[in-house]
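Participant: This is the content of work_7.txt (compact mmCIF, C-alpha atoms and all ligand atoms):
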# COMPACT_ATOMS: atom_id res chain seq x y z
CA GLU A 1 -28.60 -23.75 12.16
CA ILE A 2 -25.85 -22.45 9.88
CA LEU A 3 -23.41 -25.02 11.23
CA GLN A 4 -25.92 -27.74 10.50
CA LYS A 5 -26.28 -26.52 6.90
CA TYR A 6 -22.47 -26.44 6.62
CA HIS A 7 -22.31 -29.96 8.00
CA ASP A 8 -25.04 -31.29 5.68
CA HIS A 9 -24.11 -29.53 2.46
CA ILE A 10 -20.46 -28.47 2.54
CA ASN A 11 -18.36 -31.02 4.41
CA PRO A 12 -19.33 -33.08 7.48
CA GLY A 13 -15.68 -34.01 8.16
CA LEU A 14 -14.53 -30.40 8.19
CA ALA A 15 -17.52 -29.31 10.30
CA ASP A 16 -16.65 -32.00 12.88
CA LEU A 17 -12.98 -31.00 12.89
CA LEU A 18 -13.82 -27.33 13.46
CA GLN A 19 -16.23 -28.24 16.24
CA LEU A 20 -13.64 -30.50 17.83
CA GLY A 21 -11.17 -27.60 17.97
CA GLY A 22 -13.86 -25.29 19.38
CA LEU A 23 -13.48 -23.27 16.17
CA ALA A 24 -16.94 -23.63 14.68
CA ALA A 25 -18.10 -20.01 14.95
CA VAL A 26 -19.78 -18.16 12.11
CA ASP A 27 -18.33 -14.98 10.53
CA ASP A 28 -20.73 -12.09 10.58
CA LYS A 29 -18.87 -8.82 10.17
CA ALA A 30 -15.31 -7.69 9.50
CA GLU A 31 -13.41 -4.41 9.65
CA GLY A 32 -9.67 -3.68 9.59
CA ALA A 33 -7.84 -6.20 11.76
CA TYR A 34 -11.01 -7.50 13.44
CA VAL A 35 -13.87 -9.91 12.71
CA TRP A 36 -17.09 -10.52 14.62
CA ASP A 37 -19.01 -13.77 15.01
CA ALA A 38 -22.78 -14.10 14.76
CA ASP A 39 -23.05 -13.65 18.56
CA GLY A 40 -21.33 -10.26 18.38
CA ASN A 41 -17.94 -11.37 19.81
CA LYS A 42 -14.97 -9.41 18.47
CA TYR A 43 -11.78 -11.23 17.42
CA LEU A 44 -8.37 -10.05 16.28
CA ASP A 45 -7.72 -11.77 12.95
CA ALA A 46 -4.13 -12.98 13.11
CA VAL A 47 -4.69 -15.67 10.48
CA GLY A 48 -5.55 -13.01 7.96
CA GLY A 49 -6.91 -15.44 5.38
CA TYR A 50 -3.39 -17.00 5.17
CA GLY A 51 -2.07 -13.72 3.84
CA VAL A 52 -5.13 -12.33 2.06
CA PHE A 53 -5.83 -9.45 4.45
CA GLY A 54 -2.66 -7.41 4.03
CA LEU A 55 -4.75 -4.24 4.00
CA GLY A 56 -7.12 -5.60 6.62
CA HIS A 57 -10.77 -6.44 6.11
CA ARG A 58 -12.82 -4.23 3.81
CA PRO A 59 -10.22 -1.55 3.06
CA PRO A 60 -12.35 1.48 2.08
CA LYS A 61 -10.40 2.43 -1.07
CA VAL A 62 -10.67 -1.09 -2.47
CA ILE A 63 -14.39 -1.35 -1.65
CA GLU A 64 -15.01 2.03 -3.29
CA LYS A 65 -13.17 1.05 -6.47
CA VAL A 66 -14.96 -2.29 -6.74
CA LYS A 67 -18.35 -0.58 -6.27
CA GLU A 68 -17.49 1.83 -9.07
CA THR A 69 -16.67 -1.11 -11.35
CA LEU A 70 -19.85 -2.96 -10.32
CA ASP A 71 -21.92 0.00 -11.43
CA LYS A 72 -20.16 0.17 -14.76
CA MET A 73 -18.89 -3.16 -16.07
CA PRO A 74 -18.33 -6.01 -13.58
CA LEU A 75 -17.26 -8.61 -16.15
CA ALA A 76 -15.67 -8.25 -19.56
CA SER A 77 -16.84 -9.61 -22.90
CA LYS A 78 -13.39 -11.07 -23.52
CA ILE A 79 -13.45 -9.57 -27.01
CA PHE A 80 -12.64 -5.92 -26.26
CA ILE A 81 -9.56 -5.07 -24.25
CA ASN A 82 -10.36 -4.68 -20.55
CA SER A 83 -8.99 -1.37 -19.26
CA CYS A 84 -8.69 -2.53 -15.61
CA GLU A 85 -6.58 -5.51 -16.63
CA ALA A 86 -4.25 -3.33 -18.70
CA GLU A 87 -3.94 -0.78 -15.89
CA LEU A 88 -3.17 -3.40 -13.23
CA GLY A 89 -0.52 -4.91 -15.53
CA GLU A 90 1.15 -1.52 -15.87
CA LYS A 91 0.99 -0.76 -12.13
CA LEU A 92 2.41 -4.13 -11.12
CA SER A 93 5.14 -3.86 -13.72
CA GLU A 94 6.15 -0.43 -12.38
CA ALA A 95 6.07 -1.64 -8.79
CA THR A 96 7.90 -4.95 -9.26
CA GLY A 97 10.05 -4.57 -12.37
CA TYR A 98 8.52 -7.62 -14.10
CA GLN A 99 7.49 -6.67 -17.65
CA TYR A 100 4.42 -8.85 -18.33
CA PHE A 101 1.50 -10.11 -16.25
CA MET A 102 -1.39 -12.53 -16.66
CA PHE A 103 -4.25 -12.58 -14.16
CA LEU A 104 -5.94 -15.75 -12.94
CA ASN A 105 -8.48 -16.62 -10.26
CA SER A 106 -6.34 -18.20 -7.54
CA GLY A 107 -2.82 -18.88 -6.41
CA SER A 108 -2.93 -22.47 -7.61
CA GLU A 109 -3.87 -21.30 -11.09
CA ALA A 110 -1.02 -18.79 -11.05
CA VAL A 111 1.44 -21.59 -10.23
CA GLU A 112 -0.07 -23.79 -12.94
CA THR A 113 0.39 -20.95 -15.41
CA ALA A 114 4.00 -20.37 -14.34
CA LEU A 115 4.87 -24.06 -14.85
CA LYS A 116 3.24 -24.13 -18.30
CA LEU A 117 4.99 -20.93 -19.32
CA ALA A 118 8.36 -22.37 -18.24
CA ARG A 119 7.81 -25.46 -20.40
CA LEU A 120 6.53 -23.41 -23.33
CA THR A 121 9.40 -20.94 -23.41
CA THR A 122 12.27 -23.29 -22.58
CA GLY A 123 11.03 -26.33 -24.53
CA LYS A 124 12.18 -28.42 -21.53
CA THR A 125 9.92 -30.58 -19.39
CA ASN A 126 11.21 -31.07 -15.86
CA PHE A 127 10.83 -29.18 -12.59
CA ILE A 128 12.56 -29.01 -9.24
CA GLY A 129 10.55 -28.19 -6.10
CA MET A 130 11.42 -28.06 -2.40
CA THR A 131 10.64 -30.16 0.67
CA ASN A 132 7.77 -28.67 2.71
CA ALA A 133 6.83 -26.35 -0.16
CA TYR A 134 3.17 -25.48 -0.71
CA HIS A 135 2.16 -24.26 -4.14
CA GLY A 136 -1.53 -25.17 -4.34
CA VAL A 137 -4.05 -27.89 -5.03
CA THR A 138 -4.09 -28.37 -8.82
CA PHE A 139 -2.12 -31.28 -10.29
CA GLY A 140 0.89 -29.25 -11.44
CA ALA A 141 1.09 -27.18 -8.27
CA LEU A 142 0.67 -30.31 -6.15
CA SER A 143 3.39 -32.11 -8.12
CA VAL A 144 6.00 -29.47 -7.25
CA SER A 145 4.85 -29.18 -3.62
CA GLY A 146 6.80 -30.95 -0.89
CA ARG A 147 4.55 -32.88 1.44
CA ASP A 148 3.90 -36.50 0.59
CA VAL A 149 0.66 -37.03 2.54
CA TYR A 150 -1.10 -34.45 0.36
CA LYS A 151 0.32 -35.96 -2.83
CA GLU A 152 0.06 -39.70 -2.27
CA PRO A 153 -3.71 -40.18 -2.91
CA PHE A 154 -3.52 -38.32 -6.23
CA LYS A 155 -0.65 -40.15 -7.92
CA PRO A 156 0.41 -40.38 -10.68
CA LEU A 157 1.34 -36.69 -10.65
CA LEU A 158 3.50 -34.79 -13.18
CA PRO A 159 6.51 -36.89 -14.22
CA GLY A 160 9.99 -35.36 -14.17
CA VAL A 161 9.68 -33.55 -10.83
CA LYS A 162 12.46 -33.74 -8.25
CA ILE A 163 12.00 -32.47 -4.70
CA VAL A 164 15.16 -31.28 -2.94
CA PRO A 165 15.69 -30.04 0.64
CA PHE A 166 14.65 -26.40 1.08
CA GLY A 167 17.58 -24.19 2.01
CA ASP A 168 20.23 -26.62 0.71
CA ALA A 169 21.95 -25.10 -2.33
CA GLU A 170 24.28 -28.05 -2.78
CA ALA A 171 21.39 -30.51 -3.07
CA LEU A 172 19.86 -28.26 -5.72
CA ALA A 173 23.15 -28.08 -7.62
CA ASN A 174 23.31 -31.89 -7.68
CA ALA A 175 19.73 -32.22 -8.94
CA LEU A 176 19.95 -29.69 -11.77
CA ASP A 177 20.59 -30.84 -15.31
CA ASP A 178 19.69 -29.73 -18.83
CA THR A 179 16.21 -31.31 -18.72
CA VAL A 180 15.01 -28.84 -16.07
CA ALA A 181 12.62 -26.13 -17.28
CA ALA A 182 12.35 -24.40 -13.92
CA VAL A 183 13.09 -24.45 -10.21
CA ILE A 184 10.15 -23.28 -8.10
CA VAL A 185 10.66 -21.92 -4.60
CA GLU A 186 8.98 -19.73 -1.97
CA PRO A 187 11.44 -17.05 -0.76
CA ILE A 188 10.16 -17.82 2.76
CA GLN A 189 8.00 -20.93 3.12
CA GLY A 190 4.53 -20.15 4.46
CA GLU A 191 2.54 -23.38 4.77
CA GLY A 192 5.74 -25.37 5.27
CA GLY A 193 5.98 -23.83 8.75
CA VAL A 194 7.30 -20.28 8.17
CA ASN A 195 10.79 -21.39 7.16
CA VAL A 196 13.32 -18.65 6.49
CA PRO A 197 16.21 -20.01 4.38
CA PRO A 198 19.84 -19.29 5.31
CA PRO A 199 21.18 -15.90 4.12
CA GLY A 200 22.52 -16.06 0.57
CA TYR A 201 20.41 -19.10 -0.34
CA LEU A 202 18.12 -17.38 -2.86
CA LYS A 203 21.06 -15.69 -4.55
CA LYS A 204 22.77 -19.05 -4.88
CA VAL A 205 19.57 -20.59 -6.31
CA ARG A 206 19.46 -17.77 -8.87
CA GLN A 207 23.05 -18.41 -9.83
CA LEU A 208 22.52 -22.18 -10.15
CA CYS A 209 19.47 -21.65 -12.39
CA ASP A 210 21.50 -19.35 -14.63
CA GLU A 211 24.30 -21.89 -14.88
CA ALA A 212 21.85 -24.70 -15.72
CA GLY A 213 19.96 -22.55 -18.24
CA CYS A 214 16.60 -22.95 -16.52
CA PHE A 215 14.06 -20.49 -15.12
CA LEU A 216 13.64 -19.53 -11.50
CA ILE A 217 9.98 -19.33 -10.47
CA LEU A 218 9.43 -17.48 -7.17
CA ASP A 219 6.10 -18.22 -5.51
CA GLU A 220 5.33 -14.97 -3.68
CA ILE A 221 1.64 -15.72 -3.32
CA GLN A 222 1.93 -15.58 0.48
CA THR A 223 5.15 -13.55 0.92
CA GLY A 224 4.36 -10.86 -1.64
CA MET A 225 2.55 -7.52 -1.43
CA GLY A 226 4.40 -6.32 1.66
CA ARG A 227 3.95 -9.29 4.00
CA THR A 228 7.63 -9.78 4.94
CA GLY A 229 8.59 -6.11 5.18
CA LYS A 230 9.35 -5.56 1.48
CA LEU A 231 6.90 -5.37 -1.42
CA LEU A 232 8.30 -8.72 -2.60
CA ALA A 233 10.36 -10.99 -0.35
CA GLU A 234 12.88 -11.46 -3.20
CA GLU A 235 14.13 -7.94 -2.36
CA TRP A 236 15.62 -9.22 0.92
CA GLU A 237 18.21 -11.05 -1.17
CA ASP A 238 18.27 -8.68 -4.09
CA VAL A 239 17.18 -11.45 -6.46
CA LYS A 240 14.87 -11.31 -9.51
CA ALA A 241 13.04 -14.37 -10.74
CA ASP A 242 12.27 -15.17 -14.37
CA ILE A 243 8.66 -15.85 -13.38
CA VAL A 244 6.88 -14.68 -10.23
CA CYS A 245 3.52 -15.85 -8.81
CA LEU A 246 1.25 -13.52 -6.83
CA GLY A 247 -2.19 -13.87 -5.27
CA LYS A 248 -3.89 -13.50 -1.89
CA ALA A 249 -3.32 -9.85 -0.78
CA LEU A 250 -3.26 -8.67 -4.40
CA GLY A 251 -7.08 -8.68 -4.31
CA GLY A 252 -7.12 -6.26 -1.37
CA GLY A 253 -8.97 -8.81 0.75
CA VAL A 254 -12.06 -8.23 -1.37
CA VAL A 255 -11.76 -10.41 -4.48
CA PRO A 256 -10.02 -13.64 -5.47
CA ILE A 257 -7.13 -13.07 -7.87
CA GLY A 258 -3.89 -14.73 -8.89
CA ALA A 259 -1.17 -13.32 -11.10
CA VAL A 260 1.91 -14.45 -12.97
CA GLY A 261 4.59 -11.93 -13.85
CA ALA A 262 7.65 -12.54 -15.98
CA THR A 263 10.59 -10.99 -17.76
CA GLU A 264 10.34 -10.38 -21.47
CA THR A 265 12.54 -13.42 -22.16
CA ALA A 266 10.46 -15.77 -20.01
CA TRP A 267 7.16 -14.47 -21.45
CA GLN A 268 8.21 -15.39 -25.03
CA GLY A 269 6.14 -18.58 -25.04
CA PHE A 270 2.93 -16.59 -24.44
CA ILE A 271 3.95 -13.93 -26.96
CA ASP A 272 4.40 -16.59 -29.65
CA ASN A 273 1.22 -18.46 -28.65
CA PRO A 274 -1.22 -15.78 -27.45
CA LEU A 275 -4.26 -18.04 -26.99
CA ILE A 276 -2.59 -21.19 -25.70
CA HIS A 277 -3.43 -20.53 -22.04
CA GLU A 278 -6.65 -18.63 -21.31
CA SER A 279 -9.19 -18.06 -18.56
CA THR A 280 -12.85 -16.99 -18.74
CA PHE A 281 -12.72 -14.98 -15.52
CA GLY A 282 -8.97 -14.32 -15.33
CA GLY A 283 -8.29 -10.58 -15.42
CA ASN A 284 -11.96 -9.65 -15.09
CA PRO A 285 -12.71 -5.98 -14.29
CA LEU A 286 -14.05 -6.65 -10.80
CA ALA A 287 -10.93 -8.54 -9.68
CA THR A 288 -8.42 -6.32 -11.46
CA SER A 289 -10.03 -3.08 -10.27
CA ALA A 290 -9.68 -4.36 -6.71
CA GLY A 291 -6.07 -5.15 -7.59
CA ILE A 292 -5.50 -1.60 -8.86
CA ALA A 293 -6.80 -0.10 -5.61
CA ALA A 294 -4.85 -2.63 -3.53
CA VAL A 295 -1.56 -1.89 -5.33
CA ASP A 296 -2.23 1.86 -5.00
CA GLU A 297 -2.76 1.47 -1.25
CA ILE A 298 0.15 -0.93 -0.68
CA VAL A 299 2.64 1.01 -2.78
CA GLY A 300 1.26 4.49 -1.98
CA LYS A 301 1.53 3.94 1.77
CA GLN A 302 4.61 1.68 1.48
CA ILE A 303 2.73 -0.57 3.82
CA TRP A 304 5.67 -2.99 3.99
CA ASN A 305 7.44 -0.51 6.28
CA ASN A 306 4.76 -1.03 8.92
CA ALA A 307 4.98 -4.80 8.39
CA HIS A 308 8.71 -4.54 9.01
CA SER A 309 8.59 -2.43 12.19
CA THR A 310 5.52 -4.01 13.83
CA GLY A 311 6.80 -7.44 12.76
CA ASP A 312 10.09 -6.85 14.58
CA LYS A 313 8.28 -5.68 17.72
CA LEU A 314 5.83 -8.57 17.66
CA LEU A 315 8.56 -11.14 17.03
CA SER A 316 10.62 -10.02 20.01
CA ALA A 317 7.55 -9.76 22.29
CA LEU A 318 6.46 -13.30 21.33
CA ARG A 319 10.01 -14.57 21.80
CA SER A 320 10.24 -13.24 25.33
CA GLU A 321 6.94 -14.96 26.21
CA ALA A 322 8.10 -18.17 24.54
CA GLU A 323 11.32 -18.21 26.54
CA LYS A 324 9.25 -18.80 29.67
CA TYR A 325 7.97 -22.09 28.19
CA PRO A 326 10.98 -23.86 26.64
CA HIS A 327 9.21 -27.21 27.17
CA LEU A 328 6.26 -26.05 25.01
CA ILE A 329 7.88 -23.90 22.32
CA LYS A 330 10.84 -24.79 20.18
CA GLU A 331 11.26 -21.57 18.22
CA VAL A 332 9.55 -18.32 17.20
CA ARG A 333 10.68 -17.18 13.75
CA GLY A 334 9.68 -15.20 10.71
CA ARG A 335 10.14 -11.95 8.87
CA GLY A 336 7.89 -8.92 8.84
CA LEU A 337 4.36 -10.03 9.72
CA LEU A 338 4.82 -13.63 8.60
CA ILE A 339 5.56 -15.27 11.93
CA GLY A 340 5.60 -18.92 12.97
CA VAL A 341 5.63 -20.37 16.47
CA GLU A 342 7.02 -23.91 16.39
CA MET A 343 5.60 -25.99 19.23
CA MET A 344 7.58 -28.85 20.76
CA GLU A 345 4.90 -31.34 19.76
CA GLU A 346 2.52 -31.62 16.82
CA GLY A 347 -0.35 -32.27 19.23
CA TYR A 348 0.02 -28.75 20.72
CA GLY A 349 -1.06 -26.99 17.50
CA LEU A 350 -4.82 -27.50 17.69
CA PRO A 351 -5.22 -26.80 21.46
CA MET A 352 -3.09 -23.67 21.06
CA MET A 353 -5.47 -22.46 18.31
CA GLY A 354 -8.40 -23.17 20.66
CA PHE A 355 -6.84 -21.33 23.62
CA MET A 356 -5.99 -18.32 21.45
CA LEU A 357 -9.59 -18.34 20.26
CA GLU A 358 -10.80 -18.23 23.87
CA GLU A 359 -8.74 -15.02 24.10
CA LYS A 360 -10.57 -13.75 20.99
CA THR A 361 -7.61 -14.14 18.69
CA LEU A 362 -7.62 -16.10 15.43
CA VAL A 363 -4.47 -18.03 14.57
CA ALA A 364 -3.97 -21.26 12.62
CA TYR A 365 -1.36 -23.91 12.17
CA THR A 366 0.44 -24.10 8.83
CA LEU A 367 -0.96 -26.64 6.34
CA ASN A 368 2.22 -28.63 5.79
CA ASN A 369 3.38 -28.41 9.39
CA PRO A 370 0.71 -28.66 12.14
CA ARG A 371 3.42 -28.10 14.75
CA VAL A 372 3.76 -24.45 13.67
CA ILE A 373 1.22 -21.79 14.67
CA ARG A 374 1.08 -19.09 12.03
CA ILE A 375 0.67 -15.46 13.10
CA GLU A 376 -0.17 -13.45 10.00
CA PRO A 377 -2.22 -10.36 10.92
CA PRO A 378 -3.09 -7.49 8.58
CA LEU A 379 -0.09 -5.27 7.77
CA ILE A 380 -1.92 -2.22 9.11
CA ILE A 381 -1.78 -3.26 12.79
CA GLY A 382 -0.25 -1.05 15.49
CA ASP A 383 0.67 -1.21 19.18
CA GLU A 384 -2.91 -1.93 20.29
CA GLU A 385 -3.09 -5.09 18.20
CA ILE A 386 0.41 -6.19 19.22
CA GLN A 387 -0.64 -5.86 22.86
CA TRP A 388 -3.86 -7.83 22.19
CA LEU A 389 -1.90 -10.60 20.45
CA VAL A 390 0.82 -10.88 23.07
CA ASN A 391 -1.75 -10.95 25.92
CA ALA A 392 -3.65 -13.73 24.17
CA PHE A 393 -0.42 -15.63 23.56
CA GLN A 394 0.53 -15.30 27.24
CA LYS A 395 -2.82 -16.59 28.46
CA ALA A 396 -3.01 -19.40 25.89
CA LEU A 397 0.46 -20.64 26.85
CA ALA A 398 -0.47 -20.61 30.54
CA LYS A 399 -3.53 -22.76 29.73
CA LEU A 400 -1.51 -25.15 27.57
CA ASP A 401 1.00 -25.51 30.41
CA LYS A 402 -1.67 -26.84 32.82
N1 LIG B 1 1.42 -20.76 -3.09
C1 LIG B 1 1.58 -20.40 -1.82
C2 LIG B 1 2.96 -19.99 -1.34
C3 LIG B 1 0.49 -20.40 -0.93
O1 LIG B 1 0.68 -20.05 0.36
C4 LIG B 1 -0.78 -20.77 -1.42
C5 LIG B 1 -2.00 -20.80 -0.52
N2 LIG B 1 -1.78 -21.01 0.83
C6 LIG B 1 -0.92 -21.14 -2.76
C7 LIG B 1 0.21 -21.11 -3.57
C8 LIG B 1 -2.23 -21.54 -3.35
O2 LIG B 1 -3.09 -20.45 -3.47
P1 LIG B 1 -4.67 -20.67 -3.59
O3 LIG B 1 -5.13 -21.27 -2.30
O4 LIG B 1 -5.22 -19.28 -3.83
O5 LIG B 1 -4.89 -21.56 -4.76
Kindly transcribe the structure held in the file into structure tokens.
Facilitator:
Amino acid sequence: EILQKYHDHINPGLADLLQLGGLAAVDDKAEGAYVWDADGNKYLDAVGGYGVFGLGHRPPKVIEKVKETLDKMPLASKIFINSCEAELGEKLSEATGYQYFMFLNSGSEAVETALKLARLTTGKTNFIGMTNAYHGVTFGALSVSGRDVYKEPFKPLLPGVKIVPFGDAEALANALDDTVAAVIVEPIQGEGGVNVPPPGYLKKVRQLCDEAGCFLILDEIQTGMGRTGKLLAEEWEDVKADIVCLGKALGGGVVPIGAVGATETAWQGFIDNPLIHESTFGGNPLATSAGIAAVDEIVGKQIWNNAHSTGDKLLSALRSEAEKYPHLIKEVRGRGLLIGVEMMEEGYGLPMMGFMLEEKTLVAYTLNNPRVIRIEPPLIIGDEEIQWLVNAFQKALAKLDK
């Protein structure tokens, strides 16, 4: 009945696709690393909302804080200063070292904001993005993303955007000139297929941006908040951006939120033009109070340490399974709990999702690269969940091999 409603009033094409993959179950309940469907079946959530459920589903401290805010002042008038917004700004600044923050309602909006800020402060117009990059669905974010099939139907997009190969510093050096306002890059590509760039790449990108006099925008919407084994993935290369984009796990898995952080220098455009870029719901008390509790939990427990150690264990366990099927799997890669399994053929992605589902485990292929199965569980998982995941992986591979 619910599926029928979804089919009739949300999207028939998507409903058919989900049904085709055997994925058309209905969420009913969620807790920690697990979700239940309407028939009471329990699943390990290793998609994790594409990075949203860093703290797992319904983390108690975040729920408690949001309830408190609901009882007091869920939305702000937008005339008085909103205390939750101010507090989240301070907490994020202390945790990340970026001085200023603006809060939006999604990752795409955060990227849009970062691009506008770069133009505003530098007075330059152009951008450089990367092949396979995913930055969101709005026109600006889409323009700097790197997969043509998603872009083609919406052209003309932003003019003055060049896309260069991800991981290739020399190609970036050749593309940079004094018209470029910013280079935008994910420290590790998520939707592009969990692509980890060569060591030293980000540092080199930073250096090239400095030499060209443009900003570096790091999109940490998926890699941030502990996912890769550090609070921000930029720390792996000891690099600071001029502008950073956050989202997903920042809302504690409870509310939608996006954020843009920047250095004092990069923020100058917004300081000089305080009302030029605004949002009715951006920074609202409900979203930012969830953010406060999420940052307290993530930073207080240094949850990235668990992502690091369980990520290492999971990666090597998955690799030893994968080695048994060299004709099915090309590579298992990743950092922390952002892991990608690259299948030998694009056509293996959907059946692999279906077979994992039969083993009560949710995984998904990456949006820009259907050949890569993404394994992105909550950062709170332990040995029990690793065992569950590896068992499911084993059984799914055996089925795919038949
Ligand atoms: N940037 C990155 C790196 C992402 O992974 C995503 C979402 N997958 C986005 C931006 C867009 O975020 P949202 O879907 O919240 O707009």
Participant: List the neighbours of Glu90 (chain A) out to 12 Å using all atoms listed in the file; skip same-chain residues closer than 4 positions along the sequence, and give me the result as number ranges by chain.
Facilitator: A: 83-86, 94-102, 261, 288, 291-292, 295-296
Participant: Where's the centre, and what are the edge lengths in Å to one decimal, of a box along x, y and z enclosing all listed atoms of ligand LIG 1 (chain B) padded 8 Å per side, as JSON?
Facilitator:
{"center_x": -1.1, "center_y": -20.4, "center_z": -2.0, "size_x": 24.2, "size_y": 18.3, "size_z": 21.6}
Participant: Set the distance at 9 Å and use all atoms listed in the file: which residues neighbour Ser145 (chain A) once local chain neighbours fewer than 5 positions away are removed? I'd like the list as a CSV table (one decimal) with C-alpha atoms, keeping the file's coordinate frame.
Facilitator:
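Dumped to out39.csv:
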chain,number,residue,atom,x,y,z
A,129,GLY,CA,10.6,-28.2,-6.1
A,130,MET,CA,11.4,-28.1,-2.4
A,131,THR,CA,10.6,-30.2,0.7
A,132,ASN,CA,7.8,-28.7,2.7
A,133,ALA,CA,6.8,-26.4,-0.2
A,134,TYR,CA,3.2,-25.5,-0.7
A,135,HIS,CA,2.2,-24.3,-4.1
A,136,GLY,CA,-1.5,-25.2,-4.3
A,140,GLY,CA,0.9,-29.2,-11.4
A,150,TYR,CA,-1.1,-34.4,0.4
A,151,LYS,CA,0.3,-36.0,-2.8
A,163,ILE,CA,12.0,-32.5,-4.7
Participant: I want to know what sits within 8 Å of Glu345 (chain A), based on all atoms listed in the file, with residues of the same chain fewer than 2 positions away left out; could you give that as JSON, numbers by chain?
Facilitator: {"A": [328, 343, 347, 348, 349, 371]}
Participant: Within 7 Å of Val332 (chain A), counting only C-alpha atoms, which residues show up once you throw out same-chain ones fewer than 3 positions away? Write them as a list in words, please.
Facilitator: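 The residues satisfying every condition are Arg319, Gly340, Val341 and Glu342 of chain A.
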Participant: To one decimal place, how far is CA of Asn195 (chain A) from CA of Leu318 (chain A) in Å?
Facilitator: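 Between CA of Asn195 (chain A) and CA of Leu318 (chain A) the gap is 16.9 Å.
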Participant: Using all atoms listed in the file, which protein or nucleic acid residues are at most 10 Å from ligand LIG 1 (chain B), as a PyMOL selection string?
Facilitator: chain A and resi 49-52+104-112+133-138+141-142+145+185-192+218-224+245-248+256-258+366-368
Participant: Quick one, how far is CA of Leu75 (chain A) from CA of Asn284 (chain A)?
Facilitator: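 One can read the CA of Leu75 (chain A) to CA of Asn284 (chain A) distance as 5.5 Å.
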Participant: What does the structure give for the distance between CA of Val62 (chain A) and CA of Ala290 (chain A), in Å to one decimal?
Facilitator: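 So the answer is 5.4 Å.
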Participant: Rank A:Ile184, A:Ile298, A:Leu157, A:Ile128 by their smallest atom-to-atom distance to Ala171 (chain A), using all atoms listed in the file, and report the top residue only.
Facilitator: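 Among the listed residues, the smallest separation from Ala171 (chain A) belongs to A:Ile128.
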